[in-house]
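Working notes, beginning with the structure itself.
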Amino acid sequence: MTDPLETEEASALRDAVRSLLTRRSGPAAVRAAMDSPLGHDDKLWSTLCEQIGVAALAIPEHYGGAGAGLAEACVVLGELGRTLTPAPMLGSAVLCGEALLRTGNDEACERLLPGIAAGTTLAALAWSDVDGQWTPALTASDAGLDGRAHYVLDGDLADVLLAVARTADGAGLFEVPVSGVRRERVTTLDPTRRLAVVECAAAPARRLDTDGFAQHLRPLLDTAVIAVAAEQVGAASRALELTVEYTKQRRQFGRAIGSFQALKHRMADVHVHIEAARSALYAALVDGDPESVLTAKVVCGEAFTHAAAEMIQLHGGIAITWEHDAHLYFKRAHGTALLFGAP
C-alpha cells in the first residue's frame, strides 16, 4: 500500500510548506513568535492558510475545506514540528475540526467550519481534567457547564470555544460563549505550545451533538494522537539533521567529531529510532485501530525524546544555553510525550 505521507500530492504539499517556513520561520522568528502576545505569528498563519490552505485540509469541501484528510494535515504538522513553529494547526484545524464533524450537526458545521478552514476563526476544545487522562473535566446540567478544563490548546485566545462535558447520557459536545467563562494562560514546559485553563461556573452552553458524543471520544483522541505523532517525527528528524551538521563542523583532536566511530553509532541509533517512528505513524494512519495508534504514540514520542537528548549531548556545552535551540527541541519532546495522555 502506498504511504499516504509520500504520495506525489503529499510531497508537493511538503515542499510548499517547507519552502515557506524556511523563509519565514527560522530560529529567530520562532523565538519572537513564542514571546509575542498571541504565542504565534498571525501573519505567517494567515499566509499558510491563504496560500497553501493548511487549516482546510482535513475539512470537507462542502464546509469550506479542501476535502483532503488527516494524512495531508500530518504532512503540514510534520513540517511545523521540524521548525517548532508555533501555530494553531493542531488545536483549531485538527482537533476542533474533527470534533465538529463528529457531531452530525450540519448547522453547526456550516456555521463554524468555514472560518476554521480559512484560518480566520481560532477554535479551542476544553476537555481534559488536571490528571491529563482526557476524561471530561466539565459537567453539564440545566444550569450550564461547571468545572475546570486543563491543557486547552490556545484556549485563552480562541474565538470559538468547544467543550466536552459529562451528561446524563454519557458525554456531549457543547459550544460555549467565550464571554461566559474564565480563561487563563498557564506556564508550560514547552514555550512554543500555548495552553490554558478554562473555568466554567454555570456557563451557558449549546449542545451540538445530535446522537450522544461518548462513542466519539476515543476516535477523536486517536486523531489528536496521530497528529502529534506526525509532529514528533518531523521534529525528531530535524533534531538529528542539526546534530549531524554540527558534528561535521566541530573539530577535536584535529578532526571533525562526527568522524569518531562512537558518535557515528549514536547518531545511527537515533536514525533507526526515527525510521521506526515513521513506520509506526504510517501504520496508525493506514490501520487506524487503537493498538496502532497507541504504538505510534509510544514509538514516536520515544524517538523524539531520544533525538532531542542526543542533540544536547553531542552539541556539548553550547546546547544547554538559552541561545541555542536544542533546549526548545528537548522541551517540545517532553511536552508532546505527555500531551493527550501519558504513553
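Chain lettering (A, B, ...) mirrors the order of the C-alpha cells, residue numbering begins at 1 for each chain separately, and ligand numbering begins at 1 in order of display.
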request  = Any chance you could list, as number ranges by chain, the residues in stretch 5-211 of chain A that come up strand (DSSP E or B) when DSSP is run on the backbone?
outcome  = A: 123-126, 128, 136, 138-141, 144-153, 160-167, 170-176, 182-185, 195-203, 206-207
File dump, residues just selected, C-alpha atoms, as a CSV table (one decimal), in the first residue's frame:
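The resulting file, selection_17.csv, is shown below:
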```csv
chain,number,residue,atom,x,y,z
A,123,ALA,CA,-11.2,27.4,17.9
A,124,ALA,CA,-10.3,25.6,21.1
A,125,LEU,CA,-11.5,22.4,22.7
A,126,ALA,CA,-11.9,22.2,26.5
A,128,SER,CA,-9.1,17.2,30.0
A,136,PRO,CA,-14.3,15.1,30.6
A,138,LEU,CA,-16.7,19.6,32.8
A,139,THR,CA,-20.2,18.6,33.9
A,140,ALA,CA,-23.4,19.7,32.1
A,141,SER,CA,-26.6,20.4,33.9
A,144,GLY,CA,-24.9,25.2,32.3
A,145,LEU,CA,-21.4,23.9,32.4
A,146,ASP,CA,-19.3,23.6,35.6
A,147,GLY,CA,-15.7,22.6,36.2
A,148,ARG,CA,-12.1,23.4,35.2
A,149,ALA,CA,-10.6,22.1,31.9
A,150,HIS,CA,-6.9,21.9,31.6
A,151,TYR,CA,-4.4,21.7,28.7
A,152,VAL,CA,-6.7,23.6,26.4
A,153,LEU,CA,-4.7,24.4,23.2
A,160,VAL,CA,-14.9,29.7,19.4
A,161,LEU,CA,-14.8,27.6,22.5
A,162,LEU,CA,-16.0,24.0,22.3
A,163,ALA,CA,-16.2,21.8,25.4
A,164,VAL,CA,-16.6,18.1,26.1
A,165,ALA,CA,-18.8,17.6,29.2
A,166,ARG,CA,-20.3,14.8,31.2
A,167,THR,CA,-24.0,14.5,30.7
A,170,GLY,CA,-22.6,9.9,28.9
A,171,ALA,CA,-20.9,12.9,27.2
A,172,GLY,CA,-21.8,15.8,24.9
A,173,LEU,CA,-20.0,18.4,22.8
A,174,PHE,CA,-21.0,22.0,23.6
A,175,GLU,CA,-20.4,25.4,22.2
A,176,VAL,CA,-19.6,27.9,25.0
A,182,ARG,CA,-12.8,32.4,32.8
A,183,ARG,CA,-9.7,31.6,30.7
A,184,GLU,CA,-6.2,31.8,31.9
A,185,ARG,CA,-2.9,31.1,30.1
A,195,LEU,CA,-2.0,26.0,26.8
A,196,ALA,CA,-4.7,27.4,29.0
A,197,VAL,CA,-7.1,26.5,31.8
A,198,VAL,CA,-10.8,27.2,31.2
A,199,GLU,CA,-13.1,27.5,34.2
A,200,CYS,CA,-16.9,27.3,34.0
A,201,ALA,CA,-19.4,28.2,36.6
A,202,ALA,CA,-22.9,27.6,35.4
A,203,ALA,CA,-21.6,28.8,32.0
A,206,ARG,CA,-25.4,25.0,23.5
A,207,ARG,CA,-25.2,21.3,22.9
```
Could you list, with a cut-off of 9 Å and counting only C-alpha atoms, the residues of stretch 127-227 of chain A near stretch 90-112 of chain A, each shown with its nearest atom pair and the distance in Å rounded to one decimal, rows sorted by chain and ascending number, as JSON lines?
```
{"residue": "A:Val152", "atom": "CA", "partner": "A:Gly91", "partner_atom": "CA", "distance": 8.1}
{"residue": "A:Leu153", "atom": "CA", "partner": "A:Gly91", "partner_atom": "CA", "distance": 5.4}
{"residue": "A:Asp154", "atom": "CA", "partner": "A:Gly91", "partner_atom": "CA", "distance": 7.1}
{"residue": "A:Gly155", "atom": "CA", "partner": "A:Gly91", "partner_atom": "CA", "distance": 9.0}
{"residue": "A:Ala158", "atom": "CA", "partner": "A:Ser92", "partner_atom": "CA", "distance": 8.6}
{"residue": "A:Val160", "atom": "CA", "partner": "A:Leu112", "partner_atom": "CA", "distance": 8.2}
{"residue": "A:Leu162", "atom": "CA", "partner": "A:Cys96", "partner_atom": "CA", "distance": 7.5}
{"residue": "A:Gly172", "atom": "CA", "partner": "A:Thr103", "partner_atom": "CA", "distance": 8.9}
{"residue": "A:Leu173", "atom": "CA", "partner": "A:Thr103", "partner_atom": "CA", "distance": 7.4}
{"residue": "A:Leu208", "atom": "CA", "partner": "A:Thr103", "partner_atom": "CA", "distance": 6.3}
{"residue": "A:Asp209", "atom": "CA", "partner": "A:Thr103", "partner_atom": "CA", "distance": 4.1}
{"residue": "A:Thr210", "atom": "CA", "partner": "A:Gly104", "partner_atom": "CA", "distance": 6.1}
{"residue": "A:Asp211", "atom": "CA", "partner": "A:Thr103", "partner_atom": "CA", "distance": 7.7}
{"residue": "A:Gly212", "atom": "CA", "partner": "A:Thr103", "partner_atom": "CA", "distance": 8.1}
{"residue": "A:Phe213", "atom": "CA", "partner": "A:Thr103", "partner_atom": "CA", "distance": 7.1}
{"residue": "A:His216", "atom": "CA", "partner": "A:Arg102", "partner_atom": "CA", "distance": 6.8}
{"residue": "A:Leu217", "atom": "CA", "partner": "A:Ala99", "partner_atom": "CA", "distance": 8.7}
{"residue": "A:Leu220", "atom": "CA", "partner": "A:Ala99", "partner_atom": "CA", "distance": 6.6}
{"residue": "A:Leu221", "atom": "CA", "partner": "A:Leu95", "partner_atom": "CA", "distance": 8.4}
{"residue": "A:Thr223", "atom": "CA", "partner": "A:Leu95", "partner_atom": "CA", "distance": 7.5}
{"residue": "A:Ala224", "atom": "CA", "partner": "A:Leu95", "partner_atom": "CA", "distance": 6.2}
{"residue": "A:Ala227", "atom": "CA", "partner": "A:Leu90", "partner_atom": "CA", "distance": 7.1}
```
Selection file, N, CA, C and O atoms, as an mmCIF file, in the first residue's frame:
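Saved the output as part26.cif:
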```cif
data_model
loop_
_atom_site.group_PDB
_atom_site.id
_atom_site.type_symbol
_atom_site.label_atom_id
_atom_site.label_comp_id
_atom_site.auth_asym_id
_atom_site.auth_seq_id
_atom_site.Cartn_x
_atom_site.Cartn_y
_atom_site.Cartn_z
ATOM 1 N N VAL A 152 -5.852 23.217 27.504
ATOM 2 C CA VAL A 152 -6.660 23.648 26.367
ATOM 3 C C VAL A 152 -5.760 24.393 25.393
ATOM 4 O O VAL A 152 -5.257 25.481 25.698
ATOM 5 N N LEU A 153 -5.547 23.820 24.233
ATOM 6 C CA LEU A 153 -4.662 24.416 23.238
ATOM 7 C C LEU A 153 -5.214 25.761 22.773
ATOM 8 O O LEU A 153 -6.343 25.844 22.274
ATOM 9 N N ASP A 154 -4.435 26.830 22.955
ATOM 10 C CA ASP A 154 -4.823 28.192 22.570
ATOM 11 C C ASP A 154 -6.144 28.612 23.207
ATOM 12 O O ASP A 154 -6.868 29.454 22.665
ATOM 13 N N GLY A 155 -6.440 28.059 24.370
ATOM 14 C CA GLY A 155 -7.745 28.290 24.987
ATOM 15 C C GLY A 155 -8.004 29.713 25.414
ATOM 16 O O GLY A 155 -9.155 30.152 25.461
ATOM 17 N N ALA A 158 -9.003 31.799 21.925
ATOM 18 C CA ALA A 158 -9.957 31.268 20.949
ATOM 19 C C ALA A 158 -11.161 32.179 20.749
ATOM 20 O O ALA A 158 -11.682 32.773 21.696
ATOM 21 N N VAL A 160 -13.824 30.751 19.164
ATOM 22 C CA VAL A 160 -14.870 29.745 19.353
ATOM 23 C C VAL A 160 -14.373 28.749 20.385
ATOM 24 O O VAL A 160 -13.273 28.201 20.247
ATOM 25 N N LEU A 162 -15.230 25.216 22.222
ATOM 26 C CA LEU A 162 -15.993 23.978 22.303
ATOM 27 C C LEU A 162 -15.609 23.269 23.587
ATOM 28 O O LEU A 162 -14.505 23.446 24.100
ATOM 29 N N GLY A 172 -21.275 14.949 25.976
ATOM 30 C CA GLY A 172 -21.765 15.774 24.890
ATOM 31 C C GLY A 172 -20.721 16.791 24.481
ATOM 32 O O GLY A 172 -19.767 17.069 25.223
ATOM 33 N N LEU A 173 -20.891 17.346 23.284
ATOM 34 C CA LEU A 173 -20.022 18.421 22.813
ATOM 35 C C LEU A 173 -20.831 19.707 22.810
ATOM 36 O O LEU A 173 -21.919 19.756 22.225
ATOM 37 N N LEU A 208 -24.166 20.552 20.793
ATOM 38 C CA LEU A 208 -24.030 20.436 19.349
ATOM 39 C C LEU A 208 -24.258 19.027 18.822
ATOM 40 O O LEU A 208 -24.752 18.861 17.702
ATOM 41 N N ASP A 209 -23.878 17.995 19.584
ATOM 42 C CA ASP A 209 -24.005 16.629 19.055
ATOM 43 C C ASP A 209 -25.473 16.230 18.993
ATOM 44 O O ASP A 209 -26.295 16.660 19.802
ATOM 45 N N THR A 210 -25.780 15.386 18.029
ATOM 46 C CA THR A 210 -27.174 15.001 17.797
ATOM 47 C C THR A 210 -27.522 13.615 18.325
ATOM 48 O O THR A 210 -28.702 13.306 18.495
ATOM 49 N N ASP A 211 -26.526 12.777 18.567
ATOM 50 C CA ASP A 211 -26.833 11.399 18.985
ATOM 51 C C ASP A 211 -25.917 10.914 20.098
ATOM 52 O O ASP A 211 -25.609 9.736 20.202
ATOM 53 N N GLY A 212 -25.459 11.838 20.958
ATOM 54 C CA GLY A 212 -24.516 11.453 22.005
ATOM 55 C C GLY A 212 -23.097 11.506 21.488
ATOM 56 O O GLY A 212 -22.842 11.200 20.317
ATOM 57 N N PHE A 213 -22.174 11.890 22.362
ATOM 58 C CA PHE A 213 -20.796 12.102 21.911
ATOM 59 C C PHE A 213 -19.810 11.129 22.536
ATOM 60 O O PHE A 213 -18.639 11.106 22.160
ATOM 61 N N HIS A 216 -17.653 8.969 20.380
ATOM 62 C CA HIS A 216 -16.703 9.673 19.512
ATOM 63 C C HIS A 216 -15.438 10.105 20.245
ATOM 64 O O HIS A 216 -14.491 10.578 19.605
ATOM 65 N N LEU A 217 -15.406 9.970 21.554
ATOM 66 C CA LEU A 217 -14.262 10.468 22.308
ATOM 67 C C LEU A 217 -12.980 9.719 21.966
ATOM 68 O O LEU A 217 -11.920 10.327 21.773
ATOM 69 N N LEU A 220 -11.762 10.571 18.443
ATOM 70 C CA LEU A 220 -11.287 11.957 18.426
ATOM 71 C C LEU A 220 -9.909 12.058 19.070
ATOM 72 O O LEU A 220 -9.011 12.729 18.548
ATOM 73 N N LEU A 221 -9.736 11.364 20.180
ATOM 74 C CA LEU A 221 -8.430 11.365 20.846
ATOM 75 C C LEU A 221 -7.384 10.678 19.975
ATOM 76 O O LEU A 221 -6.230 11.129 19.906
ATOM 77 N N THR A 223 -7.280 10.660 16.736
ATOM 78 C CA THR A 223 -6.905 11.625 15.703
ATOM 79 C C THR A 223 -5.863 12.604 16.232
ATOM 80 O O THR A 223 -4.872 12.912 15.557
ATOM 81 N N ALA A 224 -6.083 13.085 17.456
ATOM 82 C CA ALA A 224 -5.133 14.015 18.064
ATOM 83 C C ALA A 224 -3.772 13.360 18.277
ATOM 84 O O ALA A 224 -2.729 13.977 18.040
ATOM 85 N N ALA A 227 -1.912 13.071 15.000
ATOM 86 C CA ALA A 227 -1.429 14.390 14.582
ATOM 87 C C ALA A 227 -0.164 14.773 15.344
ATOM 88 O O ALA A 227 0.801 15.276 14.760
#
```
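Proximity to A:Glu241 was assessed for A:Ala58, A:Ile274, A:Leu157, A:Ala16 counting only C-alpha atoms; the smallest distance is recorded for A:Ile274.
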inquiry  = Just to confirm, what's the straight-line distance from atom CA of A:Phe340 to atom CA of A:His327 in Å (one decimal)?
reply    =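 Atom-to-atom, atom CA of A:Phe340 and atom CA of A:His327 are spaced 21.9 Å apart.
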inquiry  = When you look at stretch 6-10 of chain A with a cut-off of 10 Å (counting only C-alpha atoms), what residues show up, excluding the ones that are within fewer than 2 positions of it in the same chain? I need them as a list in words.
reply    =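 Here the qualifying residues turn out to be Thr2, Asp3, Pro4, Ala12, Leu13, Arg14, Asp15, Ala16, Ala71, Glu72, Ala73, Cys74, Val75 and Val76 of chain A.
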request  = List every residue of stretch 61-126 of chain A that DSSP, applied to the backbone of this structure, assigns to helix (DSSP H, G or I), and report them as a ChimeraX atom specification.
outcome  = /A:61-63,70-83,89-101,106-118
query = Could you name the residues that touch stretch 248-253 of chain A at 12 Å or less, counting only C-alpha atoms, but leaving out those on the same chain fewer than 3 positions away, as a ChimeraX atom specification?
reply = /A:241-245,256-260,263-264,314-316,318
Keeping only N, CA, C and O atoms, write those residues as a PDB file, in the first residue's frame.
```
ATOM      1  N   GLU A 241      19.165  16.020  12.016  1.00  0.00           N
ATOM      2  CA  GLU A 241      19.867  16.749  10.952  1.00  0.00           C
ATOM      3  C   GLU A 241      20.788  17.819  11.527  1.00  0.00           C
ATOM      4  O   GLU A 241      21.948  17.957  11.104  1.00  0.00           O
ATOM      5  N   LEU A 242      20.284  18.589  12.476  1.00  0.00           N
ATOM      6  CA  LEU A 242      21.088  19.645  13.080  1.00  0.00           C
ATOM      7  C   LEU A 242      22.284  19.069  13.836  1.00  0.00           C
ATOM      8  O   LEU A 242      23.383  19.651  13.824  1.00  0.00           O
ATOM      9  N   THR A 243      22.081  17.924  14.462  1.00  0.00           N
ATOM     10  CA  THR A 243      23.166  17.284  15.202  1.00  0.00           C
ATOM     11  C   THR A 243      24.248  16.779  14.252  1.00  0.00           C
ATOM     12  O   THR A 243      25.452  16.959  14.499  1.00  0.00           O
ATOM     13  N   VAL A 244      23.841  16.150  13.167  1.00  0.00           N
ATOM     14  CA  VAL A 244      24.808  15.666  12.178  1.00  0.00           C
ATOM     15  C   VAL A 244      25.597  16.830  11.582  1.00  0.00           C
ATOM     16  O   VAL A 244      26.824  16.755  11.429  1.00  0.00           O
ATOM     17  N   GLU A 245      24.897  17.919  11.265  1.00  0.00           N
ATOM     18  CA  GLU A 245      25.585  19.092  10.714  1.00  0.00           C
ATOM     19  C   GLU A 245      26.641  19.614  11.691  1.00  0.00           C
ATOM     20  O   GLU A 245      27.759  19.958  11.291  1.00  0.00           O
ATOM     21  N   ALA A 256      36.990  16.315  12.614  1.00  0.00           N
ATOM     22  CA  ALA A 256      35.585  16.554  12.934  1.00  0.00           C
ATOM     23  C   ALA A 256      35.096  15.478  13.899  1.00  0.00           C
ATOM     24  O   ALA A 256      35.388  14.291  13.713  1.00  0.00           O
ATOM     25  N   ILE A 257      34.353  15.868  14.937  1.00  0.00           N
ATOM     26  CA  ILE A 257      33.933  14.885  15.938  1.00  0.00           C
ATOM     27  C   ILE A 257      32.976  13.863  15.340  1.00  0.00           C
ATOM     28  O   ILE A 257      32.853  12.750  15.847  1.00  0.00           O
ATOM     29  N   GLY A 258      32.303  14.226  14.235  1.00  0.00           N
ATOM     30  CA  GLY A 258      31.408  13.272  13.592  1.00  0.00           C
ATOM     31  C   GLY A 258      32.126  12.097  12.963  1.00  0.00           C
ATOM     32  O   GLY A 258      31.487  11.106  12.582  1.00  0.00           O
ATOM     33  N   SER A 259      33.442  12.192  12.834  1.00  0.00           N
ATOM     34  CA  SER A 259      34.207  11.083  12.241  1.00  0.00           C
ATOM     35  C   SER A 259      34.541  10.001  13.269  1.00  0.00           C
ATOM     36  O   SER A 259      34.973   8.915  12.897  1.00  0.00           O
ATOM     37  N   PHE A 260      34.315  10.280  14.552  1.00  0.00           N
ATOM     38  CA  PHE A 260      34.596   9.277  15.584  1.00  0.00           C
ATOM     39  C   PHE A 260      33.500   8.199  15.576  1.00  0.00           C
ATOM     40  O   PHE A 260      32.303   8.506  15.565  1.00  0.00           O
ATOM     41  N   LEU A 263      30.487   8.263  18.053  1.00  0.00           N
ATOM     42  CA  LEU A 263      29.439   9.237  17.775  1.00  0.00           C
ATOM     43  C   LEU A 263      28.623   8.832  16.554  1.00  0.00           C
ATOM     44  O   LEU A 263      27.411   9.076  16.499  1.00  0.00           O
ATOM     45  N   LYS A 264      29.284   8.210  15.581  1.00  0.00           N
ATOM     46  CA  LYS A 264      28.552   7.698  14.421  1.00  0.00           C
ATOM     47  C   LYS A 264      27.492   6.692  14.861  1.00  0.00           C
ATOM     48  O   LYS A 264      26.359   6.697  14.382  1.00  0.00           O
ATOM     49  N   LEU A 314      25.511  15.649  22.053  1.00  0.00           N
ATOM     50  CA  LEU A 314      26.522  15.738  21.006  1.00  0.00           C
ATOM     51  C   LEU A 314      26.860  17.179  20.627  1.00  0.00           C
ATOM     52  O   LEU A 314      27.889  17.422  19.990  1.00  0.00           O
ATOM     53  N   HIS A 315      26.024  18.120  21.029  1.00  0.00           N
ATOM     54  CA  HIS A 315      26.392  19.517  20.842  1.00  0.00           C
ATOM     55  C   HIS A 315      27.297  20.018  21.967  1.00  0.00           C
ATOM     56  O   HIS A 315      27.941  21.065  21.815  1.00  0.00           O
ATOM     57  N   GLY A 316      27.308  19.309  23.073  1.00  0.00           N
ATOM     58  CA  GLY A 316      28.173  19.721  24.174  1.00  0.00           C
ATOM     59  C   GLY A 316      27.605  20.910  24.931  1.00  0.00           C
ATOM     60  O   GLY A 316      26.400  21.137  24.973  1.00  0.00           O
ATOM     61  N   ILE A 318      27.366  24.060  24.476  1.00  0.00           N
ATOM     62  CA  ILE A 318      26.562  25.093  23.823  1.00  0.00           C
ATOM     63  C   ILE A 318      25.072  24.754  23.863  1.00  0.00           C
ATOM     64  O   ILE A 318      24.214  25.639  23.851  1.00  0.00           O
TER      65      ILE A 318
END
```
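Note that the spacing between atom CA of A:Leu281 and atom CA of A:Gly69 amounts to 14.8 Å.
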message = Which residues are near A:Leu339? Cut-off 10 Å, only C-alpha atoms, ignore same chain within fewer than 3 positions. Put them as a PyMOL selection string.
response = chain A and resi 132-134+151+224-225+228+297+334-336+342-343
Residue contacts of A:Thr47 (12 Å, only C-alpha atoms) excluding same-chain residues fewer than 6 positions away, as a list in words =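 The contact residues come out as Ala16, Val17, Leu20, Leu21, Arg24, Ser25, Asp41, Gly53, Val54, Ala55, Ala87, Ala118, Gly119 and Thr120 of chain A.
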ask   = Mind pulling up the distance from atom CA of A:Thr135 to atom CA of A:Asp289?
value =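 Distance reported for this atom pair: 19.9 Å.
Closest approach to A:Val293 from the set A:Arg278, A:Ala229, A:Met34, A:Ile312 is made by A:Ala229, with distances taken over only C-alpha atoms.
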